[in-house]
file upload10.cif (mmCIF, N, CA and C atoms)
data_work
loop_
_atom_site.label_atom_id
_atom_site.label_comp_id
_atom_site.auth_asym_id
_atom_site.auth_seq_id
_atom_site.Cartn_x
_atom_site.Cartn_y
_atom_site.Cartn_z
N MET Z 1 12.08 3.08 -15.38
CA MET Z 1 12.09 3.81 -14.14
C MET Z 1 13.33 3.41 -13.35
N THR Z 2 14.01 4.41 -12.84
CA THR Z 2 15.20 4.16 -12.05
C THR Z 2 15.02 4.74 -10.66
N LEU Z 3 15.24 3.91 -9.66
CA LEU Z 3 15.18 4.37 -8.29
C LEU Z 3 16.59 4.43 -7.75
N THR Z 4 16.96 5.55 -7.19
CA THR Z 4 18.29 5.69 -6.63
C THR Z 4 18.19 6.18 -5.21
N GLY Z 5 19.15 5.77 -4.40
CA GLY Z 5 19.19 6.23 -3.02
C GLY Z 5 18.13 5.57 -2.15
N ARG Z 6 18.13 6.01 -0.92
CA ARG Z 6 17.15 5.51 0.05
C ARG Z 6 16.50 6.69 0.74
N ARG Z 7 15.33 6.45 1.27
CA ARG Z 7 14.68 7.46 2.08
C ARG Z 7 13.80 6.77 3.10
N SER Z 8 13.61 7.42 4.21
CA SER Z 8 12.75 6.88 5.27
C SER Z 8 11.34 7.41 5.08
N VAL Z 9 10.39 6.57 5.38
CA VAL Z 9 8.99 6.97 5.29
C VAL Z 9 8.32 6.59 6.60
N TYR Z 10 7.75 7.56 7.26
CA TYR Z 10 7.02 7.29 8.50
C TYR Z 10 5.61 6.84 8.16
N PRO Z 11 5.04 5.94 8.98
CA PRO Z 11 3.68 5.46 8.70
C PRO Z 11 2.67 6.60 8.53
N ARG Z 12 2.79 7.64 9.34
CA ARG Z 12 1.82 8.75 9.23
C ARG Z 12 1.91 9.45 7.88
N ASP Z 13 3.09 9.35 7.23
CA ASP Z 13 3.26 9.99 5.93
C ASP Z 13 2.62 9.22 4.79
N TRP Z 14 2.61 7.90 4.88
CA TRP Z 14 2.09 7.13 3.75
C TRP Z 14 0.74 6.50 4.01
N LYS Z 15 0.37 6.31 5.28
CA LYS Z 15 -0.97 5.75 5.51
C LYS Z 15 -1.81 6.55 6.47
N GLY Z 16 -1.27 7.60 7.02
CA GLY Z 16 -2.05 8.47 7.88
C GLY Z 16 -2.56 7.75 9.11
N SER Z 17 -3.78 8.07 9.51
CA SER Z 17 -4.35 7.48 10.72
C SER Z 17 -5.51 6.53 10.41
N LEU Z 18 -5.60 6.10 9.18
CA LEU Z 18 -6.68 5.19 8.77
C LEU Z 18 -6.53 3.84 9.45
N ASP Z 19 -7.64 3.22 9.79
CA ASP Z 19 -7.66 1.89 10.39
C ASP Z 19 -6.87 0.90 9.52
N ALA Z 20 -6.12 0.01 10.16
CA ALA Z 20 -5.24 -0.92 9.44
C ALA Z 20 -6.01 -1.78 8.43
N ASP Z 21 -7.14 -2.34 8.83
CA ASP Z 21 -7.91 -3.18 7.91
C ASP Z 21 -8.45 -2.38 6.73
N ALA Z 22 -8.90 -1.17 7.00
CA ALA Z 22 -9.40 -0.32 5.92
C ALA Z 22 -8.27 0.05 4.97
N PHE Z 23 -7.08 0.24 5.51
CA PHE Z 23 -5.96 0.61 4.65
C PHE Z 23 -5.51 -0.55 3.79
N ILE Z 24 -5.56 -1.76 4.32
CA ILE Z 24 -5.23 -2.94 3.51
C ILE Z 24 -6.20 -3.04 2.34
N GLU Z 25 -7.46 -2.74 2.57
CA GLU Z 25 -8.44 -2.75 1.48
C GLU Z 25 -8.10 -1.69 0.44
N ARG Z 26 -7.64 -0.53 0.88
CA ARG Z 26 -7.25 0.52 -0.07
C ARG Z 26 -6.07 0.04 -0.92
N ILE Z 27 -5.12 -0.61 -0.28
CA ILE Z 27 -3.96 -1.13 -1.02
C ILE Z 27 -4.42 -2.15 -2.06
N LYS Z 28 -5.32 -3.04 -1.67
CA LYS Z 28 -5.83 -4.06 -2.61
C LYS Z 28 -6.55 -3.42 -3.79
N GLN Z 29 -7.21 -2.29 -3.56
CA GLN Z 29 -7.91 -1.59 -4.64
C GLN Z 29 -6.94 -0.94 -5.62
N ARG Z 30 -5.73 -0.64 -5.16
CA ARG Z 30 -4.77 0.07 -6.00
C ARG Z 30 -3.93 -0.85 -6.87
N ILE Z 31 -3.99 -2.16 -6.63
CA ILE Z 31 -3.20 -3.07 -7.46
C ILE Z 31 -4.14 -3.81 -8.41
N ASP Z 32 -3.64 -4.12 -9.59
CA ASP Z 32 -4.48 -4.82 -10.56
C ASP Z 32 -4.45 -6.32 -10.30
N ALA Z 33 -5.22 -7.06 -11.07
CA ALA Z 33 -5.36 -8.51 -10.85
C ALA Z 33 -4.03 -9.24 -10.98
N ALA Z 34 -3.23 -8.86 -11.96
CA ALA Z 34 -1.93 -9.52 -12.16
C ALA Z 34 -1.01 -9.27 -10.97
N GLU Z 35 -1.03 -8.05 -10.46
CA GLU Z 35 -0.20 -7.74 -9.29
C GLU Z 35 -0.69 -8.49 -8.06
N HIS Z 36 -1.99 -8.58 -7.92
CA HIS Z 36 -2.57 -9.27 -6.76
C HIS Z 36 -2.18 -10.75 -6.77
N LEU Z 37 -2.12 -11.35 -7.94
CA LEU Z 37 -1.73 -12.76 -8.04
C LEU Z 37 -0.28 -12.99 -7.61
N ARG Z 38 0.55 -11.97 -7.70
CA ARG Z 38 1.96 -12.10 -7.34
C ARG Z 38 2.22 -11.91 -5.84
N VAL Z 39 1.21 -11.49 -5.10
CA VAL Z 39 1.37 -11.29 -3.65
C VAL Z 39 1.47 -12.66 -2.98
N GLU Z 40 2.55 -12.87 -2.26
CA GLU Z 40 2.75 -14.12 -1.53
C GLU Z 40 2.67 -13.83 -0.04
N LEU Z 41 1.58 -14.27 0.57
CA LEU Z 41 1.39 -14.04 2.00
C LEU Z 41 2.02 -15.18 2.79
N PRO Z 42 2.61 -14.86 3.95
CA PRO Z 42 3.21 -15.92 4.78
C PRO Z 42 2.14 -16.83 5.36
N SER Z 43 2.56 -18.00 5.81
CA SER Z 43 1.59 -18.97 6.33
C SER Z 43 0.94 -18.48 7.63
N TYR Z 44 1.63 -17.66 8.40
CA TYR Z 44 1.05 -17.12 9.63
C TYR Z 44 0.28 -15.85 9.30
N SER Z 45 -1.02 -15.87 9.55
CA SER Z 45 -1.84 -14.71 9.21
C SER Z 45 -1.46 -13.47 10.02
N SER Z 46 -0.82 -13.67 11.17
CA SER Z 46 -0.41 -12.53 11.99
C SER Z 46 0.69 -11.71 11.31
N LEU Z 47 1.28 -12.24 10.25
CA LEU Z 47 2.34 -11.53 9.53
C LEU Z 47 1.86 -10.92 8.22
N HIS Z 48 0.62 -11.17 7.84
CA HIS Z 48 0.10 -10.65 6.57
C HIS Z 48 0.21 -9.13 6.48
N HIS Z 49 -0.03 -8.44 7.60
CA HIS Z 49 0.00 -6.97 7.57
C HIS Z 49 1.37 -6.44 7.14
N ASN Z 50 2.43 -7.18 7.44
CA ASN Z 50 3.77 -6.73 7.04
C ASN Z 50 3.92 -6.72 5.52
N VAL Z 51 3.35 -7.72 4.86
CA VAL Z 51 3.41 -7.78 3.40
C VAL Z 51 2.62 -6.63 2.81
N TRP Z 52 1.40 -6.41 3.32
CA TRP Z 52 0.57 -5.33 2.80
C TRP Z 52 1.20 -3.97 3.07
N ASP Z 53 1.86 -3.80 4.23
CA ASP Z 53 2.56 -2.55 4.51
C ASP Z 53 3.68 -2.32 3.50
N ALA Z 54 4.45 -3.36 3.19
CA ALA Z 54 5.54 -3.23 2.22
C ALA Z 54 4.99 -2.83 0.85
N ILE Z 55 3.89 -3.45 0.45
CA ILE Z 55 3.27 -3.11 -0.83
C ILE Z 55 2.78 -1.67 -0.79
N GLY Z 56 2.18 -1.28 0.32
CA GLY Z 56 1.69 0.09 0.48
C GLY Z 56 2.80 1.12 0.39
N ILE Z 57 3.94 0.83 1.00
CA ILE Z 57 5.08 1.76 0.93
C ILE Z 57 5.55 1.88 -0.52
N GLY Z 58 5.60 0.76 -1.24
CA GLY Z 58 5.99 0.80 -2.64
C GLY Z 58 5.02 1.61 -3.48
N LEU Z 59 3.73 1.41 -3.26
CA LEU Z 59 2.72 2.17 -4.00
C LEU Z 59 2.82 3.65 -3.68
N HIS Z 60 3.09 3.97 -2.42
CA HIS Z 60 3.26 5.37 -2.02
C HIS Z 60 4.45 5.99 -2.76
N ALA Z 61 5.56 5.26 -2.82
CA ALA Z 61 6.75 5.76 -3.51
C ALA Z 61 6.49 6.00 -4.99
N LEU Z 62 5.61 5.18 -5.57
CA LEU Z 62 5.28 5.32 -6.99
C LEU Z 62 4.14 6.30 -7.25
N GLY Z 63 3.56 6.85 -6.18
CA GLY Z 63 2.46 7.80 -6.33
C GLY Z 63 1.13 7.14 -6.64
N ARG Z 64 0.99 5.85 -6.33
CA ARG Z 64 -0.24 5.12 -6.65
C ARG Z 64 -1.13 4.93 -5.44
N LEU Z 65 -0.80 5.54 -4.31
CA LEU Z 65 -1.57 5.29 -3.10
C LEU Z 65 -2.41 6.48 -2.67
N ALA Z 66 -2.27 7.60 -3.32
CA ALA Z 66 -3.02 8.79 -2.93
C ALA Z 66 -4.51 8.50 -2.97
N PRO Z 67 -5.25 9.05 -1.99
CA PRO Z 67 -6.70 8.79 -1.98
C PRO Z 67 -7.37 9.36 -3.23
N HIS Z 68 -8.34 8.62 -3.74
CA HIS Z 68 -9.12 9.11 -4.88
C HIS Z 68 -10.09 10.16 -4.36
N ARG Z 69 -10.10 11.27 -5.01
CA ARG Z 69 -10.99 12.36 -4.59
C ARG Z 69 -12.29 12.28 -5.39
N VAL Z 70 -13.38 12.46 -4.69
CA VAL Z 70 -14.69 12.47 -5.32
C VAL Z 70 -15.27 13.86 -5.12
N PHE Z 71 -15.62 14.50 -6.22
CA PHE Z 71 -16.14 15.85 -6.15
C PHE Z 71 -17.63 15.84 -6.47
N PRO Z 72 -18.44 16.54 -5.66
CA PRO Z 72 -19.88 16.60 -5.94
C PRO Z 72 -20.13 17.42 -7.20
N ARG Z 73 -21.22 17.11 -7.87
CA ARG Z 73 -21.58 17.84 -9.09
C ARG Z 73 -22.40 19.04 -8.77
#
call {"tool": "encode", "arguments": {"input": "upload10.cif", "output": "structure tokens"}}
result
Amino acid sequence: MTLTGRRSVYPRDWKGSLDADAFIERIKQRIDAAEHLRVELPSYSSLHHNVWDAIGIGLHALGRLAPHRVFPR
């Protein structure tokens, strides 16, 4: 996979209006165990959301963040 160039992403485009804590849980659900082990959170918990936002933006760019749709039978 080759990524070229840059682009801006507004929060409303990649995470919508979902509650921050709920969105962090969605991000955690989208990464596998090996990826989760590589996440390095800063010592200050007040900065953890920045790491999860960065991961979320990356997942969005890769198309791995779209909500899973559940259809009734």
call {"tool": "atom_distance", "arguments": {"input": "upload10.cif", "atom1": "CA of His36 in chain Z", "atom2": "atom C of Lys15 in chain Z"}}
result
20.6 Å
call {"tool": "atom_distance", "arguments": {"input": "upload10.cif", "atom1": "atom C of Ser17 in chain Z", "atom2": "atom C of Pro67 in chain Z"}}
result
14.1 Å
call {"tool": "select_by_dssp", "arguments": {"input": "upload10.cif", "residues": "chain Z", "states": "alpha helix (DSSP H)", "output": "number ranges by chain"}}
result
Z: 11-14, 20-30, 33-37, 48-61
call {"tool": "resolve_selection", "arguments": {"input": "upload10.cif", "expression": "the PyMOL selection byres (((chain Z and resi 62 and name CA) around 12) and name CA)", "output": "MDAnalysis selection string"}}
result
chainID Z and resid 1:3 14 30:31 55:61 63:66
call {"tool": "write_last_selection", "arguments": {"input": "upload10.cif", "atoms": "N, CA and C atoms", "output": "PDB file, in the coordinates of the input"}}
result
ATOM      1  N   MET Z   1      12.080   3.080 -15.380  1.00  0.00           N
ATOM      2  CA  MET Z   1      12.090   3.810 -14.140  1.00  0.00           C
ATOM      3  C   MET Z   1      13.330   3.410 -13.350  1.00  0.00           C
ATOM      4  N   THR Z   2      14.010   4.410 -12.840  1.00  0.00           N
ATOM      5  CA  THR Z   2      15.200   4.160 -12.050  1.00  0.00           C
ATOM      6  C   THR Z   2      15.020   4.740 -10.660  1.00  0.00           C
ATOM      7  N   LEU Z   3      15.240   3.910  -9.660  1.00  0.00           N
ATOM      8  CA  LEU Z   3      15.180   4.370  -8.290  1.00  0.00           C
ATOM      9  C   LEU Z   3      16.590   4.430  -7.750  1.00  0.00           C
ATOM     10  N   TRP Z  14       2.610   7.900   4.880  1.00  0.00           N
ATOM     11  CA  TRP Z  14       2.090   7.130   3.750  1.00  0.00           C
ATOM     12  C   TRP Z  14       0.740   6.500   4.010  1.00  0.00           C
ATOM     13  N   ARG Z  30      -5.730  -0.640  -5.160  1.00  0.00           N
ATOM     14  CA  ARG Z  30      -4.770   0.070  -6.000  1.00  0.00           C
ATOM     15  C   ARG Z  30      -3.930  -0.850  -6.870  1.00  0.00           C
ATOM     16  N   ILE Z  31      -3.990  -2.160  -6.630  1.00  0.00           N
ATOM     17  CA  ILE Z  31      -3.200  -3.070  -7.460  1.00  0.00           C
ATOM     18  C   ILE Z  31      -4.140  -3.810  -8.410  1.00  0.00           C
ATOM     19  N   ILE Z  55       3.890  -3.450   0.450  1.00  0.00           N
ATOM     20  CA  ILE Z  55       3.270  -3.110  -0.830  1.00  0.00           C
ATOM     21  C   ILE Z  55       2.780  -1.670  -0.790  1.00  0.00           C
ATOM     22  N   GLY Z  56       2.180  -1.280   0.320  1.00  0.00           N
ATOM     23  CA  GLY Z  56       1.690   0.090   0.480  1.00  0.00           C
ATOM     24  C   GLY Z  56       2.800   1.120   0.390  1.00  0.00           C
ATOM     25  N   ILE Z  57       3.940   0.830   1.000  1.00  0.00           N
ATOM     26  CA  ILE Z  57       5.080   1.760   0.930  1.00  0.00           C
ATOM     27  C   ILE Z  57       5.550   1.880  -0.520  1.00  0.00           C
ATOM     28  N   GLY Z  58       5.600   0.760  -1.240  1.00  0.00           N
ATOM     29  CA  GLY Z  58       5.990   0.800  -2.640  1.00  0.00           C
ATOM     30  C   GLY Z  58       5.020   1.610  -3.480  1.00  0.00           C
ATOM     31  N   LEU Z  59       3.730   1.410  -3.260  1.00  0.00           N
ATOM     32  CA  LEU Z  59       2.720   2.170  -4.000  1.00  0.00           C
ATOM     33  C   LEU Z  59       2.820   3.650  -3.680  1.00  0.00           C
ATOM     34  N   HIS Z  60       3.090   3.970  -2.420  1.00  0.00           N
ATOM     35  CA  HIS Z  60       3.260   5.370  -2.020  1.00  0.00           C
ATOM     36  C   HIS Z  60       4.450   5.990  -2.760  1.00  0.00           C
ATOM     37  N   ALA Z  61       5.560   5.260  -2.820  1.00  0.00           N
ATOM     38  CA  ALA Z  61       6.750   5.760  -3.510  1.00  0.00           C
ATOM     39  C   ALA Z  61       6.490   6.000  -4.990  1.00  0.00           C
ATOM     40  N   GLY Z  63       3.560   6.850  -6.180  1.00  0.00           N
ATOM     41  CA  GLY Z  63       2.460   7.800  -6.330  1.00  0.00           C
ATOM     42  C   GLY Z  63       1.130   7.140  -6.640  1.00  0.00           C
ATOM     43  N   ARG Z  64       0.990   5.850  -6.330  1.00  0.00           N
ATOM     44  CA  ARG Z  64      -0.240   5.120  -6.650  1.00  0.00           C
ATOM     45  C   ARG Z  64      -1.130   4.930  -5.440  1.00  0.00           C
ATOM     46  N   LEU Z  65      -0.800   5.540  -4.310  1.00  0.00           N
ATOM     47  CA  LEU Z  65      -1.570   5.290  -3.100  1.00  0.00           C
ATOM     48  C   LEU Z  65      -2.410   6.480  -2.670  1.00  0.00           C
ATOM     49  N   ALA Z  66      -2.270   7.600  -3.320  1.00  0.00           N
ATOM     50  CA  ALA Z  66      -3.020   8.790  -2.930  1.00  0.00           C
ATOM     51  C   ALA Z  66      -4.510   8.500  -2.970  1.00  0.00           C
TER      52      ALA Z  66
END
call {"tool": "residues_around", "arguments": {"input": "upload10.cif", "residues": "Trp52 in chain Z", "least_positions_apart": "5", "cutoff": "10 Å", "atoms": "only C-alpha atoms", "output": "PyMOL selection string"}}
result
chain Z and resi 20+23-25+27-28+39+41+47+57-58
call {"tool": "atom_distance", "arguments": {"input": "upload10.cif", "atom1": "CA of Arg38 in chain Z", "atom2": "CA of Val9 in chain Z"}}
result
23.9 Å
